[in-house]
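Pasted below: upload-v3.cif, mmCIF, C-alpha atoms.
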data_my_file
#
loop_
_atom_site.label_atom_id
_atom_site.label_comp_id
_atom_site.auth_asym_id
_atom_site.auth_seq_id
_atom_site.Cartn_x
_atom_site.Cartn_y
_atom_site.Cartn_z
CA MET J 1 47.00 -32.18 -28.51
CA LEU J 2 46.42 -35.03 -26.07
CA GLU J 3 47.22 -37.63 -28.70
CA ILE J 4 50.58 -36.01 -29.49
CA ILE J 5 51.46 -35.58 -25.82
CA SER J 6 50.61 -39.19 -25.04
CA ARG J 7 52.80 -40.38 -27.91
CA ILE J 8 55.89 -38.55 -26.66
CA ARG J 9 55.38 -39.15 -22.93
CA ASP J 10 57.39 -42.40 -22.89
CA TRP J 11 60.59 -40.90 -24.28
CA ALA J 12 60.38 -37.32 -23.04
CA GLY J 13 61.45 -38.07 -19.48
CA GLY J 14 58.53 -36.70 -17.47
CA GLU J 15 55.45 -34.51 -17.60
CA ALA J 16 57.35 -31.21 -17.43
CA GLN J 17 59.67 -32.33 -20.24
CA VAL J 18 56.70 -33.42 -22.36
CA MET J 19 55.10 -30.00 -22.14
CA ALA J 20 58.41 -28.19 -22.68
CA TRP J 21 59.08 -30.23 -25.82
CA TYR J 22 55.53 -29.80 -27.10
CA ARG J 23 55.53 -26.03 -26.61
CA SER J 24 59.07 -24.97 -27.44
CA GLN J 25 61.13 -27.56 -29.33
CA PRO J 26 61.47 -26.49 -32.97
CA ILE J 27 61.30 -29.42 -35.37
CA PRO J 28 63.69 -28.84 -38.27
CA ALA J 29 61.93 -31.38 -40.49
CA LEU J 30 58.72 -29.36 -40.11
CA ASP J 31 60.16 -25.95 -40.98
CA GLY J 32 61.28 -25.29 -37.40
CA ARG J 33 57.73 -25.17 -36.09
CA THR J 34 56.84 -26.61 -32.70
CA SER J 35 54.29 -29.34 -32.09
CA GLU J 36 52.03 -26.79 -30.47
CA VAL J 37 52.10 -24.52 -33.52
CA LEU J 38 51.40 -27.44 -35.85
CA VAL J 39 48.50 -28.73 -33.78
CA LYS J 40 46.96 -25.27 -33.36
CA SER J 41 47.19 -24.64 -37.11
CA GLY J 42 45.37 -27.90 -37.89
CA GLN J 43 48.43 -29.82 -39.07
CA VAL J 44 48.06 -32.75 -36.70
CA ASP J 45 48.62 -35.18 -39.58
CA ALA J 46 52.09 -33.73 -40.14
CA MET J 47 52.89 -34.32 -36.46
CA ARG J 48 51.54 -37.87 -36.62
CA ASP J 49 53.65 -38.58 -39.69
CA TYR J 50 56.73 -37.13 -37.99
CA LEU J 51 56.21 -39.19 -34.83
CA ASP J 52 55.59 -42.32 -36.92
CA HIS J 53 58.86 -41.62 -38.72
CA LEU J 54 60.70 -41.37 -35.40
CA ALA J 55 59.06 -44.52 -34.06
CA LEU J 56 60.38 -46.43 -37.07
CA GLY J 57 63.92 -45.29 -36.33
CA GLY J 58 64.03 -42.29 -38.64
CA PHE J 59 66.18 -39.27 -37.98
CA ALA J 60 64.74 -36.23 -36.24
#

Go through the file and emit its structure as structure tokens.
Amino acid sequence: MLEIISRIRDWAGGEAQVMAWYRSQPIPALDGRTSEVLVKSGQVDAMRDYLDHLALGGFA
């Protein structure tokens, strides 16, 4: 969880926005699941891959 939060902190706009995004923003590319759901279900690698994709300029 902390790794994912630290990776999005720079572009999320603040601590409250980071947590709101992590907990409630559905990610269409990941079947509409949130980061929190993915992390809790052990799919941290999927989140890492998604964030790497975004960092390289890929579409969300």

Next on the checklist: I'd like the interatomic distance between CA of Asp49 in chain J and CA of Met19 in chain J, to a tenth of an Å.
Outcome noted: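 A separation of 19.6 Å between them.
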
Exercise: Leu2 in chain J partners within 12 Å, only C-alpha atoms, chain neighbours under 4 positions left out, as a compact mmCIF listing (two decimals) with C-alpha atoms, in the frame of the given file:
# COMPACT_ATOMS: atom_id res chain seq x y z
CA SER J 6 50.61 -39.19 -25.04
CA ARG J 7 52.80 -40.38 -27.91
CA ILE J 8 55.89 -38.55 -26.66
CA ARG J 9 55.38 -39.15 -22.93
CA VAL J 18 56.70 -33.42 -22.36
CA MET J 19 55.10 -30.00 -22.14
CA TYR J 22 55.53 -29.80 -27.10
CA SER J 35 54.29 -29.34 -32.09
CA GLU J 36 52.03 -26.79 -30.47
CA VAL J 39 48.50 -28.73 -33.78
CA VAL J 44 48.06 -32.75 -36.70

Next on the checklist: As an exercise, work out the distance from CA of Gly42 in chain J to CA of Trp11 in chain J in Å and give it to one decimal place.
Outcome noted: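 CA of Trp11 in chain J lies 24.2 Å from CA of Gly42 in chain J.
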
Centre and size of axis-aligned box enclosing range 44-55 of chain J plus 6 Å each side, as AutoDock Vina command-line options:
--center_x 54.4 --center_y -38.6 --center_z -37.1 --size_x 24.6 --size_y 23.8 --size_z 18.1

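With only C-alpha atoms as the atoms that count, the minimum distance from His53 in chain J to the choices J:Ala29, J:Met1, J:Ala12, J:Ala20 is reached by J:Ala29.
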
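Compared by their closest atoms to Ile5 in chain J, and using only C-alpha atoms, the residues J:Ile27, J:Leu54, J:Ala60, J:Met47 rank with J:Met47 nearest.
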
Next on the checklist: Just the number, please: distance in Å from CA of Gln43 in chain J to CA of Leu30 in chain J, one decimal.
Outcome noted: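 Rounded to one decimal, the two atoms are 10.4 Å apart.
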
Checklist entry - Which neighbours of Asp31 in chain J fall inside 12 Å, counting only C-alpha atoms, when residues of the same chain fewer than 5 positions from it are skipped, and could you give them as a PyMOL selection string? => result chain J and resi 25-26+37-38+46-47
